[in-house]
file entry_27.cif (mmCIF, C-alpha atoms and all ligand atoms)
data_upload
loop_
_atom_site.label_atom_id
_atom_site.label_comp_id
_atom_site.auth_asym_id
_atom_site.auth_seq_id
_atom_site.Cartn_x
_atom_site.Cartn_y
_atom_site.Cartn_z
CA MET A 1 49.38 23.93 -11.39
CA PRO A 2 49.94 20.24 -10.76
CA GLN A 3 50.78 19.66 -7.10
CA ASP A 4 52.50 16.88 -5.25
CA SER A 5 49.77 15.57 -3.03
CA ALA A 6 51.97 12.73 -1.77
CA THR A 7 53.52 15.26 0.56
CA ALA A 8 50.16 16.41 1.92
CA ALA A 9 50.28 16.38 5.68
CA SER A 10 47.58 15.55 8.21
CA GLY A 11 49.52 17.22 10.98
CA PRO A 12 53.01 18.62 11.46
CA GLY A 13 55.37 16.21 9.73
CA GLU A 14 52.65 13.59 9.36
CA GLU A 15 51.29 12.28 6.09
CA SER A 16 47.58 11.94 5.46
CA ALA A 17 46.40 8.36 6.07
CA PHE A 18 43.82 8.84 3.33
CA LEU A 19 46.35 9.83 0.67
CA LEU A 20 48.76 7.09 1.80
CA ALA A 21 46.06 4.42 1.47
CA CYS A 22 45.05 5.72 -1.98
CA ARG A 23 48.71 5.41 -2.98
CA ARG A 24 48.93 1.88 -1.53
CA ARG A 25 51.55 2.90 1.01
CA PRO A 26 51.70 1.87 4.70
CA VAL A 27 49.18 3.72 6.87
CA PRO A 28 49.08 4.59 10.60
CA HIS A 29 45.42 3.51 10.57
CA THR A 30 42.78 2.68 7.95
CA PRO A 31 41.43 6.03 6.77
CA VAL A 32 37.69 6.59 6.70
CA TRP A 33 35.25 9.09 5.18
CA PHE A 34 31.64 8.74 4.08
CA MET A 35 29.93 9.50 0.82
CA ARG A 36 27.19 12.03 1.67
CA GLN A 37 28.82 12.72 5.06
CA ALA A 38 27.52 16.28 4.64
CA GLY A 39 23.79 16.26 4.23
CA ARG A 40 20.39 15.65 5.68
CA SER A 41 21.55 13.28 8.44
CA LEU A 42 23.09 16.31 10.19
CA PRO A 43 20.78 18.75 12.05
CA GLU A 44 23.30 21.56 11.46
CA TYR A 45 23.04 20.86 7.70
CA ARG A 46 19.26 21.07 7.75
CA GLU A 47 19.58 24.35 9.61
CA ALA A 48 22.17 25.80 7.21
CA ARG A 49 20.07 24.81 4.19
CA ALA A 50 16.70 25.98 5.55
CA GLY A 51 14.90 27.94 2.83
CA ILE A 52 17.86 27.76 0.41
CA PRO A 53 17.44 25.62 -2.73
CA MET A 54 20.18 23.02 -3.27
CA LEU A 55 21.69 24.57 -6.41
CA GLU A 56 21.72 28.02 -4.83
CA ALA A 57 23.57 26.56 -1.82
CA CYS A 58 26.15 24.96 -4.17
CA ALA A 59 26.88 28.36 -5.75
CA ARG A 60 27.45 30.15 -2.41
CA PRO A 61 31.05 29.67 -1.26
CA ASP A 62 30.26 30.61 2.36
CA LEU A 63 27.62 27.87 2.58
CA VAL A 64 29.73 25.33 0.68
CA VAL A 65 32.58 25.87 3.14
CA GLU A 66 30.29 25.62 6.17
CA ILE A 67 28.50 22.47 4.96
CA THR A 68 31.72 20.75 3.85
CA MET A 69 33.24 21.44 7.28
CA GLN A 70 30.24 20.22 9.31
CA PRO A 71 31.06 16.48 9.20
CA VAL A 72 34.78 17.21 9.65
CA ARG A 73 33.99 19.00 12.91
CA ARG A 74 31.69 16.25 14.09
CA TYR A 75 33.63 13.13 13.05
CA ALA A 76 37.34 12.30 13.04
CA VAL A 77 37.10 11.54 9.31
CA ASP A 78 40.34 11.39 7.30
CA ALA A 79 39.00 13.36 4.32
CA ALA A 80 36.40 15.98 3.46
CA ILE A 81 34.22 15.87 0.35
CA PHE A 82 33.46 19.07 -1.48
CA PHE A 83 29.81 20.05 -1.06
CA SER A 84 28.39 20.30 -4.57
CA ASP A 85 26.38 18.09 -6.90
CA ILE A 86 27.11 16.17 -10.09
CA VAL A 87 24.74 18.44 -12.05
CA VAL A 88 26.41 21.71 -10.96
CA PRO A 89 28.71 21.90 -14.04
CA LEU A 90 25.72 21.21 -16.32
CA LYS A 91 23.82 24.09 -14.74
CA ALA A 92 26.97 26.20 -15.14
CA ILE A 93 27.01 25.72 -18.93
CA GLY A 94 23.43 26.92 -19.11
CA ILE A 95 21.31 23.77 -18.94
CA ASP A 96 17.91 24.50 -17.45
CA LEU A 97 17.75 22.11 -14.50
CA ASP A 98 16.76 21.95 -10.87
CA ILE A 99 17.29 19.59 -7.94
CA LYS A 100 13.91 18.73 -6.51
CA PRO A 101 13.92 17.71 -2.82
CA GLY A 102 13.26 13.99 -2.42
CA VAL A 103 13.46 13.49 -6.20
CA GLY A 104 16.86 14.58 -7.49
CA PRO A 105 17.96 16.41 -10.65
CA VAL A 106 15.21 17.33 -13.13
CA ILE A 107 16.07 18.67 -16.63
CA ALA A 108 13.62 21.04 -18.37
CA ASP A 109 14.53 20.04 -21.95
CA PRO A 110 15.93 16.50 -22.07
CA VAL A 111 18.83 15.88 -24.47
CA ARG A 112 17.58 13.40 -27.06
CA ASP A 113 18.92 14.45 -30.47
CA ALA A 114 22.03 15.74 -32.24
CA ALA A 115 20.99 19.38 -31.96
CA ALA A 116 20.64 19.09 -28.18
CA VAL A 117 23.99 17.31 -27.88
CA ASP A 118 25.68 20.01 -29.95
CA ARG A 119 24.29 22.69 -27.63
CA LEU A 120 26.33 21.26 -24.71
CA ARG A 121 29.23 23.66 -24.67
CA PRO A 122 32.57 23.13 -22.91
CA LEU A 123 32.90 24.23 -19.28
CA GLU A 124 35.24 27.18 -18.69
CA PRO A 125 36.76 27.76 -15.23
CA GLY A 126 34.96 31.12 -15.11
CA ASP A 127 31.61 29.29 -15.24
CA VAL A 128 32.32 27.82 -11.80
CA ALA A 129 34.27 30.65 -10.16
CA PHE A 130 32.23 29.96 -7.00
CA ALA A 131 33.74 26.47 -6.85
CA THR A 132 37.29 27.83 -7.14
CA GLU A 133 36.55 30.29 -4.35
CA ALA A 134 34.99 27.64 -2.11
CA VAL A 135 37.79 25.09 -2.62
CA GLN A 136 40.47 27.71 -1.95
CA ALA A 137 38.75 28.77 1.26
CA LEU A 138 38.30 25.13 2.28
CA THR A 139 41.93 24.15 1.82
CA GLY A 140 42.79 26.86 4.33
CA GLU A 141 40.10 25.78 6.83
CA LEU A 142 40.85 22.08 6.52
CA GLY A 143 44.55 22.28 7.38
CA GLY A 144 45.99 18.79 6.91
CA THR A 145 42.68 17.05 6.13
CA PRO A 146 42.57 16.45 2.37
CA LEU A 147 39.62 17.67 0.33
CA ILE A 148 38.15 15.29 -2.24
CA GLY A 149 36.82 16.97 -5.37
CA PHE A 150 34.27 15.14 -7.49
CA ALA A 151 32.31 15.01 -10.71
CA GLY A 152 29.57 12.85 -12.20
CA GLY A 153 30.57 10.02 -14.50
CA PRO A 154 29.54 10.07 -18.16
CA PHE A 155 26.82 7.39 -18.01
CA THR A 156 25.14 8.89 -14.93
CA LEU A 157 25.16 12.44 -16.30
CA ALA A 158 23.91 11.20 -19.68
CA SER A 159 21.08 9.35 -17.95
CA TYR A 160 19.85 12.48 -16.14
CA LEU A 161 20.10 14.52 -19.35
CA ILE A 162 18.38 11.98 -21.60
CA GLU A 163 15.68 10.80 -19.19
CA GLY A 164 15.05 14.32 -17.92
CA GLY A 165 15.25 13.10 -14.31
CA PRO A 166 15.97 10.05 -12.15
CA SER A 167 15.23 6.67 -13.73
CA LYS A 168 15.35 3.11 -12.39
CA THR A 169 15.59 1.45 -15.80
CA HIS A 170 17.45 4.08 -17.90
CA ASP A 171 15.41 2.96 -20.93
CA ARG A 172 15.81 6.05 -23.12
CA THR A 173 19.47 6.28 -22.12
CA LYS A 174 20.16 2.70 -23.14
CA ALA A 175 18.05 3.11 -26.29
CA MET A 176 20.51 5.82 -27.41
CA MET A 177 23.53 3.78 -26.28
CA TYR A 178 22.40 0.70 -28.22
CA GLY A 179 20.60 2.37 -31.13
CA GLU A 180 22.51 5.56 -31.88
CA PRO A 181 26.11 4.73 -30.91
CA GLU A 182 27.62 7.72 -32.72
CA LEU A 183 25.33 10.24 -31.06
CA TRP A 184 25.89 8.48 -27.72
CA ALA A 185 29.66 8.70 -28.14
CA ARG A 186 29.42 12.39 -29.00
CA LEU A 187 27.29 13.07 -25.92
CA LEU A 188 29.58 11.12 -23.59
CA ASP A 189 32.66 12.76 -25.08
CA ARG A 190 31.24 16.18 -24.28
CA LEU A 191 30.24 15.09 -20.77
CA ALA A 192 33.74 13.70 -20.23
CA ASP A 193 35.26 17.05 -21.20
CA ILE A 194 32.89 18.87 -18.84
CA ALA A 195 33.64 16.49 -15.95
CA ALA A 196 37.39 16.75 -16.57
CA ALA A 197 37.22 20.55 -16.65
CA TYR A 198 35.21 20.65 -13.41
CA LEU A 199 37.67 18.30 -11.70
CA LYS A 200 40.66 20.34 -12.90
CA VAL A 201 39.12 23.48 -11.43
CA GLN A 202 38.80 21.75 -8.06
CA VAL A 203 42.33 20.29 -8.12
CA GLU A 204 43.91 23.57 -9.22
CA ALA A 205 42.11 25.28 -6.32
CA GLY A 206 43.48 22.75 -3.81
CA ALA A 207 41.52 19.46 -3.88
CA ARG A 208 43.99 16.63 -3.16
CA ALA A 209 42.05 13.69 -4.57
CA ILE A 210 39.11 13.31 -6.93
CA GLN A 211 36.21 10.90 -7.12
CA LEU A 212 34.28 10.18 -10.29
CA PHE A 213 30.75 9.11 -9.31
CA ASP A 214 29.27 7.01 -12.11
CA SER A 215 26.54 5.97 -9.72
CA TRP A 216 24.09 4.39 -12.15
CA VAL A 217 26.52 2.66 -14.55
CA GLY A 218 25.91 -0.67 -12.76
CA GLY A 219 22.93 -1.12 -15.08
CA VAL A 220 25.28 -1.68 -18.03
CA GLY A 221 26.84 -5.08 -18.83
CA PRO A 222 30.63 -5.45 -19.07
CA GLU A 223 30.91 -5.59 -22.87
CA ASP A 224 28.75 -2.50 -23.37
CA TYR A 225 30.61 -0.77 -20.56
CA ARG A 226 33.90 -1.51 -22.30
CA THR A 227 32.84 -0.14 -25.67
CA SER A 228 30.32 2.57 -24.75
CA VAL A 229 31.41 4.04 -21.38
CA LEU A 230 35.00 3.15 -20.49
CA PRO A 231 36.68 5.23 -23.26
CA HIS A 232 34.96 8.35 -21.93
CA SER A 233 35.78 7.67 -18.28
CA ARG A 234 39.36 6.99 -19.36
CA LYS A 235 39.49 10.41 -21.04
CA ILE A 236 38.55 12.01 -17.70
CA PHE A 237 41.13 10.08 -15.68
CA GLU A 238 43.84 10.77 -18.27
CA ALA A 239 43.08 14.49 -18.18
CA LEU A 240 43.74 14.41 -14.42
CA ALA A 241 46.91 12.27 -14.63
CA PRO A 242 49.36 15.23 -14.81
CA TYR A 243 48.13 16.53 -11.43
CA ASP A 244 49.21 13.38 -9.62
CA VAL A 245 46.19 13.33 -7.28
CA PRO A 246 44.59 9.97 -6.42
CA ARG A 247 41.61 9.22 -8.69
CA ILE A 248 38.72 7.26 -7.16
CA HIS A 249 35.97 5.68 -9.28
CA PHE A 250 32.65 4.66 -7.77
CA GLY A 251 29.33 3.24 -8.92
CA VAL A 252 26.45 1.29 -7.37
CA GLY A 253 25.83 -2.35 -8.35
CA THR A 254 29.08 -2.44 -10.32
CA GLY A 255 30.30 -5.84 -9.12
CA GLU A 256 30.69 -7.08 -12.70
CA LEU A 257 32.47 -3.86 -13.76
CA LEU A 258 35.06 -3.46 -11.00
CA GLY A 259 38.00 -4.64 -13.12
CA LEU A 260 37.00 -2.41 -16.03
CA MET A 261 36.51 0.60 -13.75
CA GLY A 262 40.10 0.13 -12.61
CA GLU A 263 41.21 -0.28 -16.23
CA ALA A 264 39.57 3.04 -17.07
CA GLY A 265 42.36 4.68 -15.07
CA ALA A 266 41.25 4.83 -11.44
CA ASP A 267 43.86 4.52 -8.70
CA VAL A 268 41.17 3.54 -6.18
CA VAL A 269 38.07 1.50 -7.06
CA GLY A 270 34.96 2.07 -4.94
CA VAL A 271 32.95 -1.02 -4.05
CA ASP A 272 29.34 -1.15 -2.87
CA TRP A 273 28.20 -3.64 -0.20
CA ARG A 274 27.25 -6.38 -2.68
CA VAL A 275 30.78 -7.68 -3.29
CA PRO A 276 33.03 -8.49 -0.28
CA LEU A 277 36.31 -6.56 -0.44
CA ASP A 278 38.49 -9.69 -0.59
CA GLU A 279 36.52 -10.78 -3.67
CA ALA A 280 36.76 -7.24 -5.09
CA VAL A 281 40.56 -7.48 -4.74
CA LEU A 282 40.52 -10.46 -7.10
CA ARG A 283 38.20 -8.72 -9.56
CA VAL A 284 40.19 -5.47 -9.65
CA GLY A 285 43.63 -7.06 -9.74
CA PRO A 286 47.00 -5.67 -8.62
CA GLY A 287 48.06 -2.03 -8.60
CA LYS A 288 44.81 -0.56 -7.24
CA ALA A 289 43.50 0.45 -3.83
CA LEU A 290 39.88 -0.20 -2.82
CA GLN A 291 37.30 1.97 -1.09
CA GLY A 292 34.25 0.72 0.79
CA ASN A 293 32.05 -1.03 1.66
CA LEU A 294 29.82 -1.23 4.75
CA ASP A 295 26.12 -1.35 3.85
CA PRO A 296 24.77 2.12 4.81
CA ALA A 297 21.65 0.36 6.16
CA ILE A 298 23.73 -1.54 8.74
CA LEU A 299 23.79 1.71 10.74
CA PHE A 300 20.16 1.03 11.67
CA ALA A 301 21.11 -2.28 13.37
CA PRO A 302 22.24 -2.58 17.04
CA TRP A 303 25.79 -1.41 17.75
CA ASP A 304 27.31 -4.88 18.28
CA VAL A 305 26.12 -5.88 14.79
CA ILE A 306 27.61 -2.70 13.30
CA ALA A 307 30.89 -3.37 15.11
CA ASP A 308 31.09 -7.00 13.92
CA ARG A 309 30.39 -6.02 10.31
CA THR A 310 32.92 -3.19 10.50
CA ARG A 311 35.61 -5.60 11.73
CA ASP A 312 34.73 -7.93 8.87
CA VAL A 313 35.09 -5.12 6.28
CA LEU A 314 38.45 -4.16 7.82
CA ALA A 315 39.68 -7.77 7.76
CA ARG A 316 38.73 -8.23 4.11
CA GLY A 317 40.14 -4.79 3.30
CA ARG A 318 43.54 -5.94 4.61
CA THR A 319 43.81 -8.17 1.54
CA ALA A 320 43.88 -5.03 -0.65
CA GLU A 321 47.09 -3.10 -1.41
CA GLY A 322 45.38 -0.04 0.05
CA HIS A 323 42.01 0.35 1.77
CA VAL A 324 39.94 3.46 2.37
CA PHE A 325 37.00 2.62 4.63
CA ASN A 326 33.65 3.98 3.46
CA LEU A 327 30.04 2.94 3.18
CA GLY A 328 28.93 1.04 0.08
CA HIS A 329 26.90 4.12 -0.94
CA GLY A 330 25.92 7.43 0.64
CA VAL A 331 24.85 8.03 4.25
CA LEU A 332 21.06 7.59 4.40
CA PRO A 333 19.26 10.76 5.54
CA THR A 334 17.78 9.20 8.71
CA THR A 335 21.14 7.86 9.95
CA ASP A 336 22.02 8.74 13.56
CA PRO A 337 25.19 10.91 13.40
CA ASP A 338 26.37 9.51 16.75
CA LYS A 339 26.58 6.06 15.17
CA LEU A 340 28.82 7.47 12.42
CA ALA A 341 31.03 9.18 15.02
CA ARG A 342 31.40 5.87 16.85
CA LEU A 343 32.06 4.04 13.59
CA VAL A 344 34.94 6.36 12.68
CA ASP A 345 36.51 5.79 16.11
CA LEU A 346 36.08 2.03 15.80
CA VAL A 347 37.74 1.94 12.36
CA HIS A 348 40.67 3.93 13.72
CA GLU A 349 41.04 1.82 16.91
CA GLU A 350 40.76 -1.52 15.16
CA SER A 351 43.26 -0.63 12.45
CA ALA A 352 45.84 1.37 14.43
CA ARG A 353 49.40 0.07 14.26
O1 LIG B 1 28.68 14.78 1.31
C1 LIG B 1 28.81 14.54 0.09
O2 LIG B 1 28.92 13.38 -0.34
C2 LIG B 1 28.96 15.71 -0.87
C3 LIG B 1 27.84 16.12 -1.54
C4 LIG B 1 27.18 15.42 -2.71
C5 LIG B 1 25.86 15.75 -3.06
N1 LIG B 1 25.56 15.14 -4.24
C6 LIG B 1 25.00 16.67 -2.31
C7 LIG B 1 23.55 16.51 -2.43
C8 LIG B 1 27.66 14.51 -3.66
C9 LIG B 1 29.00 13.82 -3.73
C10 LIG B 1 26.62 14.35 -4.62
C11 LIG B 1 26.74 13.54 -5.84
C12 LIG B 1 25.53 13.07 -6.51
N2 LIG B 1 24.39 13.77 -6.82
C13 LIG B 1 25.39 11.77 -7.05
C14 LIG B 1 26.45 10.72 -6.99
C15 LIG B 1 26.54 10.15 -5.62
C16 LIG B 1 25.53 9.10 -5.32
O3 LIG B 1 24.78 9.30 -4.35
O4 LIG B 1 25.52 8.08 -6.01
C17 LIG B 1 24.13 11.70 -7.66
C18 LIG B 1 23.54 10.49 -8.34
C19 LIG B 1 23.51 12.97 -7.52
C20 LIG B 1 22.18 13.39 -8.02
C21 LIG B 1 21.35 13.78 -6.87
N3 LIG B 1 21.41 15.03 -6.27
C22 LIG B 1 20.43 13.00 -6.14
C23 LIG B 1 20.06 11.59 -6.46
C24 LIG B 1 19.96 13.78 -5.07
C25 LIG B 1 19.05 13.37 -3.94
C26 LIG B 1 17.65 13.81 -4.10
C27 LIG B 1 16.95 13.74 -2.75
O5 LIG B 1 16.53 14.81 -2.28
O6 LIG B 1 16.84 12.65 -2.18
C28 LIG B 1 20.58 15.04 -5.18
C29 LIG B 1 20.41 16.18 -4.27
C30 LIG B 1 21.49 16.30 -3.27
N4 LIG B 1 22.83 16.34 -3.57
C31 LIG B 1 21.35 16.46 -1.87
C32 LIG B 1 22.63 16.60 -1.34
C33 LIG B 1 23.01 16.84 0.10
C34 LIG B 1 20.03 16.53 -1.14
C35 LIG B 1 19.52 17.92 -1.26
C36 LIG B 1 18.89 18.40 0.02
O7 LIG B 1 19.49 18.27 1.08
O8 LIG B 1 17.79 18.96 -0.10
#

call {"tool": "encode", "arguments": {"input": "entry_27.cif", "output": "structure tokens", "more": "lines below"}}
Ligand code: CP3
result
Amino acid sequence: MPQDSATAASGPGEESAFLLACRRRPVPHTPVWFMRQAGRSLPEYREARAGIPMLEACARPDLVVEITMQPVRRYAVDAAIFFSDIVVPLKAIGIDLDIKPGVGPVIADPVRDAAAVDRLRPLEPGDVAFATEAVQALTGELGGTPLIGFAGGPFTLASYLIEGGPSKTHDRTKAMMYGEPELWARLLDRLADIAAAYLKVQVEAGARAIQLFDSWVGGVGPEDYRTSVLPHSRKIFEALAPYDVPRIHFGVGTGELLGLMGEAGADVVGVDWRVPLDEAVLRVGPGKALQGNLDPAILFAPWDVIADRTRDVLARGRTAEGHVFNLGHGVLPTTDPDKLARLVDLVHEESAR
């Protein structure tokens, strides 16, 4: 059932700063959350995950709830992100894959021809019943803090499937995109349907915003993005439109694509640290909020440097119609959690009205 997330509260009678910023409405303070806020930087995460493979953890609602809550207990973040992975829905439709520690997703039989593409079946809600259960439990635990659901974007999922694992150059992926455009479109269309179905499951269970992570699409130039990726991302965002939850779109190294990523149908465009937010405002144009964009590596510098850079991000973010503070990519595993706690407090203090 579509829900009205604009009325989501962060406390009695109080609207969530995160949802307000996504909707480009006035905020009590700049909201902040971190990509990968749950994960190896937290000792309690390492303890909860000890001896449990990543994909097994993702399928256990009790663990998903615990791990999603860990950063919310530790930091005064304005949103939680569902603990899962972009390959979870692929595993759920029967693809033989694993997440190897320190490597990432590895696919047993890479998808490289029409027969393999045609074997990718649609995702049914029953395939991810564990996700429904976990999100429902989380919405209760979280109270007024909104939960962000997520899925992998079509280029990034296609790259893992075609390459068979992580790739820096995405050569086979791009070979299909350039050389077999019809097969490519069929693959991305199926991945878009799977991502949309996974996102709907999360929203129907109580997620109040969604983020589409097309992390590796920054390797594609704007014209190819427009013809070969954007139509599929648009299909995902359009499928979510009736739910009226904010839709965030993020990728790494996407400075040249920011406008197009907004055009695809995002309400909020995520920006990595390579483009200053005031410049990103110009690239994205009116009618969008921005999310970002402190370099995650800045957290290894002395505190006064972190504080100066944070103030700079906030100042540039004020030129946007709405700003959700985040890092330019995920929290690095060796980050000191106390620095993140201090960073959240600084963002709130500096931006409070
Ligand atoms: O806190 C959060 O942000 C929520 C959890 C989350 C995970 N994966 C958990 C995870 C999210 C949002 C993701 C998305 C994801 N997964 C992306 C897009 C985001 C991005 O970083 O750009 C991508 C590209 C993947 C694929 C993937 N899964 C990679 C590259 C890795 C890291 C491999 C490694 O060990 O370095 C994973 C595994 C993974 N997903 C971990 C976590 C916490 C590490 C597993 C572990 O702790 O052993």

call {"tool": "residues_near_ligand", "arguments": {"input": "entry_27.cif", "ligand": "ligand LIG 1 (chain B)", "cutoff": "9 Å", "atoms": "only C-alpha atoms and all ligand atoms", "output": "ChimeraX atom specification"}}
result
/A:34-40,45-46,49,52-55,58,67-68,71,80-87,99-105,149-153,156-157,160,166,211-216,250-252,329-331,333

call {"tool": "write_last_selection", "arguments": {"input": "entry_27.cif", "atoms": "C-alpha atoms", "output": "compact mmCIF listing (two decimals), in the frame of the given file"}}
result
# COMPACT_ATOMS: atom_id res chain seq x y z
CA PHE A 34 31.64 8.74 4.08
CA MET A 35 29.93 9.50 0.82
CA ARG A 36 27.19 12.03 1.67
CA GLN A 37 28.82 12.72 5.06
CA ALA A 38 27.52 16.28 4.64
CA GLY A 39 23.79 16.26 4.23
CA ARG A 40 20.39 15.65 5.68
CA TYR A 45 23.04 20.86 7.70
CA ARG A 46 19.26 21.07 7.75
CA ARG A 49 20.07 24.81 4.19
CA ILE A 52 17.86 27.76 0.41
CA PRO A 53 17.44 25.62 -2.73
CA MET A 54 20.18 23.02 -3.27
CA LEU A 55 21.69 24.57 -6.41
CA CYS A 58 26.15 24.96 -4.17
CA ILE A 67 28.50 22.47 4.96
CA THR A 68 31.72 20.75 3.85
CA PRO A 71 31.06 16.48 9.20
CA ALA A 80 36.40 15.98 3.46
CA ILE A 81 34.22 15.87 0.35
CA PHE A 82 33.46 19.07 -1.48
CA PHE A 83 29.81 20.05 -1.06
CA SER A 84 28.39 20.30 -4.57
CA ASP A 85 26.38 18.09 -6.90
CA ILE A 86 27.11 16.17 -10.09
CA VAL A 87 24.74 18.44 -12.05
CA ILE A 99 17.29 19.59 -7.94
CA LYS A 100 13.91 18.73 -6.51
CA PRO A 101 13.92 17.71 -2.82
CA GLY A 102 13.26 13.99 -2.42
CA VAL A 103 13.46 13.49 -6.20
CA GLY A 104 16.86 14.58 -7.49
CA PRO A 105 17.96 16.41 -10.65
CA GLY A 149 36.82 16.97 -5.37
CA PHE A 150 34.27 15.14 -7.49
CA ALA A 151 32.31 15.01 -10.71
CA GLY A 152 29.57 12.85 -12.20
CA GLY A 153 30.57 10.02 -14.50
CA THR A 156 25.14 8.89 -14.93
CA LEU A 157 25.16 12.44 -16.30
CA TYR A 160 19.85 12.48 -16.14
CA PRO A 166 15.97 10.05 -12.15
CA GLN A 211 36.21 10.90 -7.12
CA LEU A 212 34.28 10.18 -10.29
CA PHE A 213 30.75 9.11 -9.31
CA ASP A 214 29.27 7.01 -12.11
CA SER A 215 26.54 5.97 -9.72
CA TRP A 216 24.09 4.39 -12.15
CA PHE A 250 32.65 4.66 -7.77
CA GLY A 251 29.33 3.24 -8.92
CA VAL A 252 26.45 1.29 -7.37
CA HIS A 329 26.90 4.12 -0.94
CA GLY A 330 25.92 7.43 0.64
CA VAL A 331 24.85 8.03 4.25
CA PRO A 333 19.26 10.76 5.54

call {"tool": "atom_distance", "arguments": {"input": "entry_27.cif", "atom1": "CA of Ala289 (chain A)", "atom2": "CA of Pro276 (chain A)"}}
result
14.2 Å

call {"tool": "residues_near_point", "arguments": {"input": "entry_27.cif", "point": "(45.0, 16.3, -13.8)", "cutoff": "9 Å", "atoms": "all atoms listed in the file", "output": "MDAnalysis selection string"}}
result
chainID A and resid 2 196 199:200 203:204 236:245

call {"tool": "closest_residue", "arguments": {"input": "entry_27.cif", "among": "A:Pro89, A:Gly51, A:Gly219, A:Gly143", "to": "Asp127 (chain A)", "atoms": "only C-alpha atoms"}}
result
A:Pro89

call {"tool": "closest_residue", "arguments": {"input": "entry_27.cif", "among": "A:Leu257, A:Leu161, A:Ile93, A:Leu183", "to": "Leu120 (chain A)", "atoms": "all atoms listed in the file"}}
result
A:Ile93

call {"tool": "atom_distance", "arguments": {"input": "entry_27.cif", "atom1": "CA of Glu223 (chain A)", "atom2": "CA of Asp171 (chain A)"}}
result
17.8 Å

call {"tool": "closest_residue", "arguments": {"input": "entry_27.cif", "among": "A:Leu299, A:Leu97, A:Leu142, A:Ala158", "to": "Ala79 (chain A)", "atoms": "all atoms listed in the file"}}
result
A:Leu142

call {"tool": "closest_residue", "arguments": {"input": "entry_27.cif", "among": "A:Arg121, A:His29, A:Arg283, A:His232", "to": "Leu314 (chain A)", "atoms": "all atoms listed in the file"}}
result
A:His29

call {"tool": "atom_distance", "arguments": {"input": "entry_27.cif", "atom1": "CA of Arg309 (chain A)", "atom2": "CA of Pro28 (chain A)"}}
result
21.5 Å

call {"tool": "residues_around", "arguments": {"input": "entry_27.cif", "residues": "Thr335 (chain A)", "least_positions_apart": "5", "cutoff": "10 Å", "atoms": "only C-alpha atoms", "output": "ChimeraX atom specification"}}
result
/A:40-42,296-300,340

call {"tool": "closest_residue", "arguments": {"input": "entry_27.cif", "among": "A:Val32, A:Ile148, A:Val347, A:Val65", "to": "Gly206 (chain A)", "atoms": "only C-alpha atoms"}}
result
A:Ile148

call {"tool": "residues_around", "arguments": {"input": "entry_27.cif", "residues": "Ile248 (chain A)", "least_positions_apart": "5", "cutoff": "6 Å", "atoms": "all atoms listed in the file", "output": "list in words"}}
result
Gln211, Ala266, Val268 and Val269 of chain A

call {"tool": "decode", "arguments": {"input": "entry_27.cif", "residues": "region 43-51 of chain A", "atoms": "N, CA, C and O atoms", "output": "mmCIF file, in the first residue's frame"}}
result
data_model
loop_
_atom_site.group_PDB
_atom_site.id
_atom_site.type_symbol
_atom_site.label_atom_id
_atom_site.label_comp_id
_atom_site.auth_asym_id
_atom_site.auth_seq_id
_atom_site.Cartn_x
_atom_site.Cartn_y
_atom_site.Cartn_z
ATOM 1 N N PRO A 43 32.855 -2.434 15.967
ATOM 2 C CA PRO A 43 33.221 -3.690 16.647
ATOM 3 C C PRO A 43 31.999 -4.572 16.909
ATOM 4 O O PRO A 43 32.089 -5.802 16.806
ATOM 5 N N GLU A 44 30.864 -3.952 17.218
ATOM 6 C CA GLU A 44 29.651 -4.753 17.494
ATOM 7 C C GLU A 44 29.165 -5.452 16.221
ATOM 8 O O GLU A 44 28.548 -6.512 16.278
ATOM 9 N N TYR A 45 29.450 -4.861 15.052
ATOM 10 C CA TYR A 45 29.108 -5.526 13.781
ATOM 11 C C TYR A 45 29.990 -6.748 13.594
ATOM 12 O O TYR A 45 29.511 -7.838 13.263
ATOM 13 N N ARG A 46 31.289 -6.565 13.804
ATOM 14 C CA ARG A 46 32.215 -7.686 13.604
ATOM 15 C C ARG A 46 31.845 -8.834 14.539
ATOM 16 O O ARG A 46 31.911 -10.007 14.163
ATOM 17 N N GLU A 47 31.396 -8.475 15.730
ATOM 18 C CA GLU A 47 30.990 -9.508 16.688
ATOM 19 C C GLU A 47 29.711 -10.218 16.225
ATOM 20 O O GLU A 47 29.628 -11.445 16.225
ATOM 21 N N ALA A 48 28.734 -9.442 15.772
ATOM 22 C CA ALA A 48 27.457 -10.034 15.335
ATOM 23 C C ALA A 48 27.646 -10.939 14.117
ATOM 24 O O ALA A 48 26.943 -11.932 13.949
ATOM 25 N N ARG A 49 28.611 -10.587 13.258
ATOM 26 C CA ARG A 49 28.813 -11.317 12.014
ATOM 27 C C ARG A 49 29.789 -12.496 12.137
ATOM 28 O O ARG A 49 29.934 -13.267 11.186
ATOM 29 N N ALA A 50 30.456 -12.599 13.303
ATOM 30 C CA ALA A 50 31.524 -13.598 13.459
ATOM 31 C C ALA A 50 31.025 -14.981 13.064
ATOM 32 O O ALA A 50 30.035 -15.481 13.615
ATOM 33 N N GLY A 51 31.693 -15.592 12.094
ATOM 34 C CA GLY A 51 31.362 -16.956 11.666
ATOM 35 C C GLY A 51 30.113 -17.059 10.800
ATOM 36 O O GLY A 51 29.732 -18.167 10.416
#
